[in-house]
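As stored in model_23.cif (mmCIF, C-alpha atoms and all ligand atoms):
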data_work
loop_
_atom_site.label_atom_id
_atom_site.label_comp_id
_atom_site.auth_asym_id
_atom_site.auth_seq_id
_atom_site.Cartn_x
_atom_site.Cartn_y
_atom_site.Cartn_z
CA MET A 12 -41.85 -12.01 -46.35
CA ALA A 13 -39.50 -10.03 -44.26
CA GLY A 14 -39.31 -6.86 -46.27
CA ARG A 15 -37.17 -5.02 -43.79
CA MET A 16 -33.63 -5.50 -42.80
CA SER A 17 -33.34 -6.71 -39.32
CA GLY A 18 -30.00 -5.11 -38.79
CA GLY A 19 -30.57 -4.58 -35.15
CA SER A 20 -29.67 -1.41 -33.40
CA SER A 21 -28.75 1.04 -36.12
CA ARG A 22 -28.60 3.79 -33.60
CA ALA A 23 -25.59 2.18 -32.05
CA ARG A 24 -23.64 2.81 -35.24
CA PRO A 25 -22.35 6.23 -36.23
CA PRO A 26 -22.70 7.41 -39.85
CA VAL A 27 -20.00 5.91 -42.07
CA GLY A 28 -18.02 9.08 -42.60
CA ARG A 29 -17.80 9.83 -38.94
CA GLY A 30 -17.21 6.19 -38.22
CA LEU A 31 -13.85 6.33 -39.97
CA GLN A 32 -12.80 9.32 -37.97
CA ALA A 33 -14.02 7.72 -34.84
CA ALA A 34 -12.04 4.59 -35.55
CA ARG A 35 -8.93 6.62 -36.19
CA ARG A 36 -9.33 8.30 -32.86
CA ALA A 37 -10.47 5.23 -31.02
CA GLY A 38 -7.28 4.74 -29.08
CA LEU A 39 -7.21 8.28 -27.84
CA ALA A 40 -10.93 8.31 -27.28
CA VAL A 41 -10.73 5.46 -24.85
CA ALA A 42 -8.08 7.23 -22.84
CA CYS A 43 -10.08 10.43 -22.86
CA ALA A 44 -13.21 8.62 -21.84
CA LEU A 45 -11.57 7.55 -18.65
CA LEU A 46 -10.61 11.11 -17.87
CA MET A 47 -14.03 12.42 -18.82
CA ALA A 48 -15.61 9.97 -16.47
CA THR A 49 -13.76 11.53 -13.61
CA ALA A 50 -14.48 15.03 -14.88
CA ALA A 51 -18.19 14.38 -14.85
CA THR A 52 -18.29 13.39 -11.24
CA GLY A 53 -16.02 16.12 -9.94
CA GLN A 54 -14.28 13.65 -7.72
CA PRO A 55 -12.01 11.14 -9.41
CA ALA A 56 -13.14 7.59 -9.45
CA VAL A 57 -10.69 4.98 -8.39
CA LEU A 58 -7.93 4.70 -10.95
CA ARG A 59 -6.03 1.45 -11.22
CA ALA A 60 -2.36 1.26 -12.12
CA GLY A 61 -0.82 -2.13 -11.66
CA ALA A 62 -1.46 -3.13 -8.09
CA LEU A 63 -2.22 0.44 -7.10
CA GLU A 64 -5.57 2.14 -6.69
CA LEU A 65 -5.53 5.92 -6.78
CA SER A 66 -8.43 8.01 -5.55
CA GLU A 67 -9.44 11.29 -3.92
CA ALA A 68 -6.99 13.28 -6.06
CA ARG A 69 -7.52 17.00 -5.59
CA ILE A 70 -5.76 20.35 -5.53
CA PRO A 71 -7.17 22.98 -3.18
CA SER A 72 -7.31 26.27 -5.06
CA PRO A 73 -4.02 27.93 -4.22
CA PRO A 74 -3.61 31.52 -3.08
CA ALA A 75 -0.08 31.69 -4.42
CA GLU A 76 2.18 30.39 -7.12
CA VAL A 77 2.41 27.05 -5.41
CA ALA A 78 -0.26 24.43 -5.01
CA ALA A 79 -0.53 21.10 -3.28
CA LEU A 80 -1.91 17.87 -4.64
CA TYR A 81 -3.43 15.33 -2.31
CA LEU A 82 -4.57 11.84 -3.04
CA ARG A 83 -4.90 8.34 -1.69
CA VAL A 84 -2.86 5.45 -3.03
CA VAL A 85 -3.70 1.91 -2.02
CA ASP A 86 -1.51 -1.10 -2.72
CA THR A 87 -3.90 -3.94 -3.45
CA GLY A 88 -1.00 -6.33 -3.85
CA SER A 89 1.70 -7.26 -1.42
CA GLY A 90 4.75 -5.74 -3.02
CA GLY A 91 4.36 -2.13 -2.02
CA ASP A 92 5.51 0.71 -4.21
CA ARG A 93 7.03 4.15 -4.05
CA LEU A 94 5.95 7.48 -5.45
CA VAL A 95 9.19 8.85 -6.82
CA GLY A 96 8.22 11.80 -8.95
CA ALA A 97 5.55 13.98 -10.49
CA SER A 98 5.07 16.58 -13.15
CA ALA A 99 2.21 18.81 -14.23
CA THR A 100 1.59 20.87 -17.31
CA VAL A 101 0.79 23.98 -15.29
CA ALA A 102 3.79 23.78 -12.99
CA ARG A 103 7.40 24.47 -13.73
CA ARG A 104 8.36 21.88 -11.18
CA CYS A 105 6.75 19.34 -8.90
CA MET A 106 8.25 18.11 -5.68
CA LEU A 107 7.30 15.44 -3.19
CA HIS A 108 7.05 16.94 0.27
CA ARG A 109 6.77 15.64 3.76
CA THR A 110 5.50 17.69 6.66
CA VAL A 111 7.50 17.38 9.84
CA GLU A 112 7.09 19.01 13.20
CA HIS A 113 10.13 20.18 15.06
CA GLU A 114 9.93 22.03 18.37
CA GLY A 115 6.40 23.11 17.70
CA MET A 116 7.16 24.40 14.23
CA VAL A 117 5.79 22.75 11.14
CA HIS A 118 8.17 22.41 8.24
CA MET A 119 7.96 20.90 4.83
CA GLN A 120 10.82 18.87 3.56
CA PRO A 121 11.52 17.41 0.14
CA ALA A 122 11.04 13.66 0.25
CA GLU A 123 14.33 12.89 -1.43
CA ASP A 124 13.75 9.16 -1.41
CA GLY A 125 10.15 9.40 -2.52
CA LEU A 126 7.01 8.50 -0.62
CA ALA A 127 6.48 4.85 0.18
CA VAL A 128 3.27 2.97 -0.45
CA PRO A 129 3.43 0.27 2.23
CA ALA A 130 2.93 -3.29 1.04
CA GLY A 131 -0.77 -3.94 1.16
CA GLY A 132 -1.21 -0.53 2.73
CA VAL A 133 -2.06 3.07 2.02
CA LEU A 134 -0.11 6.17 1.15
CA GLN A 135 -2.32 9.10 2.05
CA LEU A 136 -1.29 12.50 0.80
CA ALA A 137 -3.29 14.93 2.91
CA PRO A 138 -3.30 18.45 4.32
CA GLY A 139 -0.82 18.64 7.15
CA GLY A 140 1.05 15.64 5.79
CA ALA A 141 2.80 14.48 2.67
CA HIS A 142 1.81 16.04 -0.62
CA VAL A 143 2.93 16.76 -4.16
CA MET A 144 3.97 20.39 -4.45
CA LEU A 145 3.28 22.17 -7.72
CA MET A 146 5.68 25.08 -8.02
CA GLY A 147 5.94 27.92 -10.45
CA LEU A 148 2.38 27.76 -11.71
CA SER A 149 1.98 29.11 -15.21
CA ARG A 150 -1.53 30.28 -14.52
CA ARG A 151 -3.82 30.96 -11.61
CA LEU A 152 -5.77 27.92 -10.57
CA ALA A 153 -9.37 28.28 -9.52
CA ALA A 154 -11.94 25.86 -8.21
CA GLY A 155 -13.44 23.99 -11.14
CA ASP A 156 -10.20 23.88 -13.11
CA ARG A 157 -8.61 20.59 -13.97
CA VAL A 158 -4.92 19.87 -13.97
CA ALA A 159 -3.14 17.11 -15.84
CA VAL A 160 -0.62 15.51 -13.52
CA GLU A 161 1.76 12.65 -14.14
CA LEU A 162 2.82 10.60 -11.17
CA ARG A 163 5.76 8.23 -11.36
CA PHE A 164 5.88 5.12 -9.25
CA GLU A 165 8.83 2.81 -8.89
CA ARG A 166 6.85 -0.26 -9.88
CA ALA A 167 3.54 0.90 -11.32
CA GLY A 168 5.34 3.34 -13.57
CA ARG A 169 3.72 6.48 -14.95
CA VAL A 170 0.15 7.29 -14.06
CA MET A 171 -1.74 10.16 -15.62
CA LEU A 172 -4.30 11.93 -13.49
CA ASP A 173 -6.84 14.59 -14.33
CA VAL A 174 -7.05 16.38 -11.02
CA PRO A 175 -9.82 18.77 -10.06
CA VAL A 176 -9.03 22.05 -8.37
CA VAL A 177 -11.37 22.30 -5.41
CA ASP A 178 -12.41 25.18 -3.22
CA ALA A 179 -9.63 25.80 -0.74
CA ALA A 180 -11.94 26.91 2.04
CA ALA A 181 -13.92 23.71 1.82
CA ALA A 182 -10.77 21.64 1.62
CA ALA A 183 -9.28 23.48 4.59
CA SER A 184 -11.70 21.81 6.96
CA GLY A 185 -9.16 19.03 7.00
CA GLY A 186 -6.50 21.37 8.35
CA HIS A 187 -4.75 22.89 5.38
CA GLU A 188 -3.09 25.62 7.38
CA GLY A 189 0.64 26.02 7.33
CA HIS A 190 1.00 25.62 3.64
CA GLY A 191 2.28 29.11 3.13
CA ALA A 192 5.32 28.30 5.19
CA HIS A 193 7.32 26.48 2.63
CA GLU A 194 11.00 26.04 2.90
CA GLY A 195 13.24 25.94 -0.06
CA GLY A 196 10.41 26.74 -2.40
CA GLY A 197 12.23 29.44 -4.25
CA ASP A 198 9.15 30.38 -6.18
CA GLU A 199 7.46 32.32 -3.49
CA PRO A 200 8.45 35.91 -2.92
CA SER A 201 9.91 36.34 0.52
CA PRO A 202 8.13 38.85 2.71
CU CU A 301 4.78 21.50 0.13
#

As a first step, turn the structure in this file into structure tokens.
Amino acid sequence: MAGRMSGGSSRARPPVGRGLQAARRAGLAVACALLMATAATGQPAVLRAGALELSEARIPSPPAEVAALYLRVVDTGSGGDRLVGASATVARRCMLHRTVEHEGMVHMQPAEDGLAVPAGGVLQLAPGGAHVMLMGLSRRLAAGDRVAVELRFERAGRVMLDVPVVDAAAAASGGHEGHGAHEGGGDEPSP
């Protein structure tokens, strides 16, 4: 009676030839899918790494050969963690910086011991505060670009981020001023 196959949703299956390719790439595809998801929205979704939740990652479009990365890191556990390093494909070097005020002057200092994520708390990298410094950029970054960044945490390990470059003027509403005054940068020409 039933003259037709009731195979269900054929449209859910790719053609055989492409299916093999797809399977071969499946592992990578899944990883890419996560990144694409953040690319589509413009703002990164929350990314989980161990007990950490990373969000709001962004790089205001830099006027110079250095750029700053900001993001929010939440420890959903109770152990805390520590951001100890970073690297980016477009930067010769990445440094963790703190911003300190001394006698009315704002300075940036390398965070030699990393940046702590308090147990059950939040590490907020933000304009006027701590940030990841991308130095020696290999190309000019403009709003709309995306930058692959690897963050290294003491406990959560390596976390890959696909960070959007956002309009600096818009981002500056949070108080981005003072970023040209870097100490020990070495990559900026001195006036
Ligand atoms: Cu800095």

When you count all atoms listed in the file, which of these residues is closest to ligand CU 301 (chain A): A:Gly147, A:Pro175, A:Gly131, A:Pro121?
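Smallest separation from ligand CU 301 (chain A) among the options: A:Pro121.
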
Could the residues of chain A that have an atom at most 6 Å from ligand CU 301 (chain A) be listed as CSV, each with its closest atom pair and the distance in Å to one decimal, counting only C-alpha atoms and all ligand atoms and ordered by chain and ascending residue number?
residue,atom,partner,partner_atom,distance
A:His108,CA,A:CU301,CU,5.1
A:Met119,CA,A:CU301,CU,5.7
A:Met144,CA,A:CU301,CU,4.8

Contact residues around range 88-104 of chain A with all atoms listed in the file at 7 Å, ignoring same-chain residues under 6 positions, as a list of chain:residue names
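My list of contacting residues is A:Ala62, A:Gly125, A:Leu126, A:Ala127, A:Val128, A:Pro129, A:Ala130, A:Gly131, A:Leu145, A:Met146, A:Gly147, A:Leu148, A:Ser149, A:Arg150, A:Ala159, A:Val160, A:Glu161, A:Leu162, A:Arg163, A:Phe164, A:Glu165, A:Arg166.
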
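Checking A:Ala167, A:Cys105, A:Val143, A:Ile70 one by one against Thr87 in chain A, counting only C-alpha atoms, you find the shortest gap at A:Ala167.
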
CA of Glu123 in chain A and CA of Arg59 in chain A, how far apart in Å?
25.3 Å

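As for CA of Tyr81 in chain A and CA of Met116 in chain A, they are spaced 21.6 Å apart.
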
Quick one: distance from CA of Val177 in chain A to CA of Gly155 in chain A in Å, one decimal?
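Those two atoms sit 6.3 Å apart.
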
Pick from A:Leu58, A:Glu76, A:Leu63, A:Gly115, whichever lies nearest to Met171 in chain A using only C-alpha atoms:
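Using only C-alpha atoms, the shortest distance to Met171 in chain A belongs to A:Leu58.
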
I want to know what sits within 12 Å of Ala181 in chain A, based on all atoms listed in the file, with residues of the same chain fewer than 6 positions away left out; could you give that as a compact mmCIF listing (two decimals) with C-alpha atoms, in the frame of the given file?
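File produced: around.txt:
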# COMPACT_ATOMS: atom_id res chain seq x y z
CA ARG A 69 -7.52 17.00 -5.59
CA ILE A 70 -5.76 20.35 -5.53
CA PRO A 71 -7.17 22.98 -3.18
CA SER A 72 -7.31 26.27 -5.06
CA ALA A 154 -11.94 25.86 -8.21
CA HIS A 187 -4.75 22.89 5.38

Which residue is closest to Arg151 in chain A? Choose from A:Val133, A:Val111, A:Val176, A:Val117 and count only C-alpha atoms.
A:Val176
